[in-house]
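Student: Next up is a structure, given as structure tokens.
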Amino acid sequence: MSTFIESEERQELRKAVAALAKSYGQDYFVGKARSGEKTSDMWLALGKNGYLGVNLPEQYGGGGGGIGDVAAVCEELAAQGCPMLMMVVSPAICGQVIAKYGTEEQKQRWVPGIADGTETMAFAITEPDAGSNSHKITTTARRDGSDWILKGRKIYISGVDEAKNVLVVARTEDQKSGTLKPCLFVVPTDAAGFEYQPIAMEMVSPEKQFTVFIDDVRVPGDALVGDEDAGIVQLFAGLNPERIMAASFATGIARFALEKASAYAKERSVFRDTPIGAHQAIAHPLAEAHIETELARLMTQKAAALVDAGDDGAAGEAANIAKYAAAEAACNAVDRAIQTHGGNGATQEYGMAALLVATRVMRIAPVSKEMILNFVAMHSLGLPKSY
Ligand SMILES: Cc1cc2nc3c(=O)[nH]c(=O)nc-3n(C[C@H](O)[C@H](O)[C@H](O)COP(=O)(O)OP(=O)(O)OC[C@H]3O[C@@H](n4cnc5c(N)ncnc54)[C@H](O)[C@@H]3O)c2cc1C
């Protein structure tokens with residue numbers, strides 16, 4: 001039976017991840033970002049403790065839990081100042097899709113490395129000319145004997161430099177245009193013809209985004225995950241989790257910013273001995289942001305519960321709403337946390353402005369605010385399609 005309160009096990013998981021993440025913290029995360037280094041030691045520690053693969057099946061090195069568990073890991077990391085995009089991508093999209101649709105051999109080959117962090121997998125759907133309209137993607141797979149040859153270009157792909165493989169969304173040659181029938185291929189990042197270039201982003205994060213060039217990359221027949229004719233349903237096994245993880249990434253950052261802002265507002269006095277937090281102009285916006293964050297967390301947990309119960313249809317609406325609400329909550333929380341800090345809010349020392357782009361991006365990726373509103377208008381309210 002479902003409940004509004006998370007299980008004791010989930011709460012213990014949150015505490016354990018928070019403790020590990022706290023031992024690294026924002027200074028570590030931002031320090032690595034600014035020096036161009038990676039957070040591999042934290043990533044591997046997460047893997048070693050079973051947190052990265054907590055959602056993946058036990059027989060392939062995972063924890064046997066669900067998306068709600070790995071979302072809790074993602075949120076607690078962000079709540080300690082370490083928001084990890086690769087949490088969204090590697091265990092939640094790639095791990096989840098392979099565990100659900102992969103062959104026995106594929107599961108044995110890829111899931112354990114995703115779970116322990118030694119074989120991180122990136123995910124590539126976005127293309128320069130298709131953008132939000134995934135039906136327009138042109139990355140094409142053609143059969144050559146028992147192999148596949150892939151050709152295309154992807155953009156804004158996170159963590160390709162840290163990944164051993166990328167789960168590439170393509171379409172087969174005989175489905176070259178029209179409604180997308182996605183085919184998913186695991187492509188090694190060192191495959192001949194697979195190249196990537198970093199995109200200069202303003203986000204303060206050790207995780208980078210890349211343009212990926214796929215130039216007649218040959219992969220074996222068993223690089224195809226799932227059925228080439230299965231259609232969009234296979235992709236959504238990854239996309240609902242992606243939205244839930246992005247929501248958790250956002251609410252974690254919101255919690256981090258609000259905790260810092262509240263601590264600062266209790267300490268800082270400017271007029272007489274009154275702490276600035278006693279002024280409602282400071283307290284109420286923070287309280288509002290906390291309410292928005294808690295509401296978004298609740299919807300995120302509902303979406304995760306629906307995915308874990310196998311109700312992908314209902315999960316679609318809940319995951320979209322959760323991602324929308326979480327992005328709004330996070331943008332407001334960070335904006336208000338910066339305001340609370342006054343000039344200190346813009347410094348590197350206080351770490352608030354460093355959160356700006358990561359939270360702002362949550363209104364754009366993995367699916368934009370506008371596309372969620374389109375979805376809700378059409379599917380929840382039955383309004384006509386506008387595009
Ligand atoms: C930091 C970061 C990490 C990312 N990581 C990955 C990754 O690992 N893998 C991956 O595949 N992709 C990744 N992405 C890409 C991301 O998913 C896309 O940026 C996102 O889907 C939006 O696509 P776009 O940038 O092409 O915007 P566009 O589709 O060009 O949209 C531009 C604007 O127009 C609006 N718009 C477009 N169509 C409509 C419409 N019909 N109605 C109303 N408004 C509309 C959009 O909402 C948006 O505001 C990442 C992006 C960022 C910024």
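Convention: chains lettered A, B, ... in structure tokens order; per-chain residue numbering from 1; ligands numbered from 1 as shown.
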Give me the chain A side of the contact with ligand 1, cut-off 6 Å, one line per residue showing its nearest atom pair and distance in Å at one decimal, counting only C-alpha atoms and all ligand atoms, sorted by chain and residue number, as a tab-separated table.

Tutor:
residue	atom	partner	partner_atom_place_in_ligand_line	distance
A:Phe123	CA	ligand 1	9 (N)	5.0
A:Ala124	CA	ligand 1	11 (O)	3.8
A:Ile125	CA	ligand 1	11 (O)	3.7
A:Thr126	CA	ligand 1	11 (O)	3.9
A:Gly131	CA	ligand 1	26 (O)	3.0
A:Ser132	CA	ligand 1	29 (O)	3.5
A:Tyr156	CA	ligand 1	14 (N)	4.6
A:Ile157	CA	ligand 1	7 (C)	3.8
A:Ser158	CA	ligand 1	8 (O)	3.8
A:Val361	CA	ligand 1	53 (C)	5.4
A:Ile364	CA	ligand 1	20 (C)	5.5
A:Ala365	CA	ligand 1	17 (O)	4.3
A:Pro366	CA	ligand 1	17 (O)	3.8
A:Val367	CA	ligand 1	21 (O)	4.6
A:Ser368	CA	ligand 1	47 (O)	4.6
A:Lys369	CA	ligand 1	47 (O)	5.9
A:Glu370	CA	ligand 1	47 (O)	4.3
A:Met371	CA	ligand 1	47 (O)	5.4
A:Tyr387	CA	ligand 1	41 (N)	4.9

Student: How would the residues just chosen look if you wrote them out with N, CA and C atoms as a tab-separated table (two decimals), in the first residue's frame?

Tutor:
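Writing done, so here's part_13.tsv:
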chain	number	residue	atom	x	y	z
A	123	PHE	N	24.02	9.67	-22.21
A	123	PHE	CA	22.77	9.47	-22.97
A	123	PHE	C	22.65	10.57	-24.01
A	124	ALA	N	22.41	10.21	-25.26
A	124	ALA	CA	22.40	11.22	-26.32
A	124	ALA	C	21.13	11.14	-27.16
A	125	ILE	N	20.26	12.09	-26.96
A	125	ILE	CA	19.08	12.20	-27.83
A	125	ILE	C	19.08	13.54	-28.56
A	126	THR	N	19.48	14.62	-27.87
A	126	THR	CA	19.31	15.97	-28.43
A	126	THR	C	20.19	16.18	-29.67
A	131	GLY	N	16.27	19.69	-31.65
A	131	GLY	CA	15.96	20.34	-30.37
A	131	GLY	C	14.87	19.60	-29.62
A	132	SER	N	13.88	20.36	-29.16
A	132	SER	CA	12.78	19.77	-28.38
A	132	SER	C	11.93	18.81	-29.19
A	156	TYR	N	24.85	19.05	-26.63
A	156	TYR	CA	24.62	19.19	-25.18
A	156	TYR	C	24.63	17.85	-24.46
A	157	ILE	N	25.47	16.94	-24.89
A	157	ILE	CA	25.48	15.63	-24.24
A	157	ILE	C	26.42	15.68	-23.03
A	158	SER	N	25.85	15.40	-21.88
A	158	SER	CA	26.60	15.53	-20.62
A	158	SER	C	27.54	14.35	-20.41
A	361	VAL	N	19.06	26.06	-15.79
A	361	VAL	CA	19.03	25.02	-16.83
A	361	VAL	C	17.88	24.03	-16.59
A	364	ILE	N	15.04	24.34	-18.70
A	364	ILE	CA	15.26	24.06	-20.13
A	364	ILE	C	15.42	22.56	-20.39
A	365	ALA	N	16.18	21.91	-19.54
A	365	ALA	CA	16.53	20.49	-19.77
A	365	ALA	C	16.01	19.64	-18.60
A	366	PRO	N	15.79	18.37	-18.80
A	366	PRO	CA	15.87	17.63	-20.06
A	366	PRO	C	14.68	17.90	-20.98
A	367	VAL	N	13.64	18.50	-20.46
A	367	VAL	CA	12.53	18.92	-21.31
A	367	VAL	C	12.15	20.31	-20.81
A	368	SER	N	11.86	21.21	-21.72
A	368	SER	CA	11.69	22.61	-21.31
A	368	SER	C	10.34	22.83	-20.63
A	369	LYS	N	10.31	23.92	-19.90
A	369	LYS	CA	9.08	24.36	-19.23
A	369	LYS	C	7.92	24.47	-20.22
A	370	GLU	N	8.23	25.04	-21.38
A	370	GLU	CA	7.15	25.25	-22.38
A	370	GLU	C	6.62	23.92	-22.91
A	371	MET	N	7.53	22.96	-23.12
A	371	MET	CA	7.07	21.67	-23.64
A	371	MET	C	6.26	20.92	-22.59
A	387	TYR	N	1.16	23.10	-31.80
A	387	TYR	CA	2.39	23.15	-32.59
A	387	TYR	C	2.49	21.98	-33.55

Student: Taking the chain letters and numbering used in this document, name the residues of stretch 209-349 of chain A that DSSP puts in helix (DSSP H, G or I), as number ranges by chain.

Tutor: A: 221-223, 232-267, 276-278, 280-308, 312-340, 342-346

Student: Between atom CA of A:Gly159 and atom CA of A:Phe210, what is the distance, to one decimal in Å?

Tutor: 7.6 Å

Student: Please measure the separation of atom CA of A:Arg109 and atom CA of A:Asn240, giving the value in Å to one decimal.

Tutor: 24.0 Å

Student: In Å, rounded to a single decimal, give me how far atom CA of A:Trp148 is from atom CA of A:Ala191.

Tutor: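 Going from atom CA of A:Ala191 over to atom CA of A:Trp148 covers 12.7 Å.
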
Student: Counting only C-alpha atoms, what is within 8 Å of A:Arg10, bar same-chain residues fewer than 3 positions away, as a list in words?

Tutor: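 So the residues in contact are Glu6, Ser7, Leu13, Arg14, Asp69 and Ala72 of chain A.
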
Student: Mind listing the strand (DSSP E or B) residues of stretch 119-165 of chain A, per DSSP on the backbone, as a ChimeraX atom specification?

Tutor: /A:121-124,140-144,147-158,165

Student: Save out the residues we just selected, C-alpha atoms, as a PDB file, in the first residue's frame.

Tutor:
ATOM      1  CA  MET A 121      27.105   5.686 -19.487  1.00  0.00           C
ATOM      2  CA  ALA A 122      26.050   8.979 -21.103  1.00  0.00           C
ATOM      3  CA  PHE A 123      22.773   9.466 -22.970  1.00  0.00           C
ATOM      4  CA  ALA A 124      22.400  11.219 -26.321  1.00  0.00           C
ATOM      5  CA  THR A 140      20.485   7.075 -38.602  1.00  0.00           C
ATOM      6  CA  ALA A 141      21.372   3.424 -38.128  1.00  0.00           C
ATOM      7  CA  ARG A 142      21.812   1.160 -41.120  1.00  0.00           C
ATOM      8  CA  ARG A 143      22.463  -2.547 -41.103  1.00  0.00           C
ATOM      9  CA  ASP A 144      25.695  -3.868 -42.573  1.00  0.00           C
ATOM     10  CA  ASP A 147      26.630  -4.867 -37.615  1.00  0.00           C
ATOM     11  CA  TRP A 148      25.027  -1.446 -37.481  1.00  0.00           C
ATOM     12  CA  ILE A 149      26.536   1.719 -38.938  1.00  0.00           C
ATOM     13  CA  LEU A 150      25.508   4.931 -37.157  1.00  0.00           C
ATOM     14  CA  LYS A 151      25.689   8.442 -38.541  1.00  0.00           C
ATOM     15  CA  GLY A 152      24.559  11.730 -37.033  1.00  0.00           C
ATOM     16  CA  ARG A 153      25.272  14.567 -34.645  1.00  0.00           C
ATOM     17  CA  LYS A 154      24.221  15.212 -31.061  1.00  0.00           C
ATOM     18  CA  ILE A 155      24.478  18.306 -28.895  1.00  0.00           C
ATOM     19  CA  TYR A 156      24.620  19.187 -25.176  1.00  0.00           C
ATOM     20  CA  ILE A 157      25.485  15.631 -24.244  1.00  0.00           C
ATOM     21  CA  SER A 158      26.601  15.532 -20.624  1.00  0.00           C
ATOM     22  CA  ASN A 165      29.706   4.284 -23.480  1.00  0.00           C
TER      23      ASN A 165
END
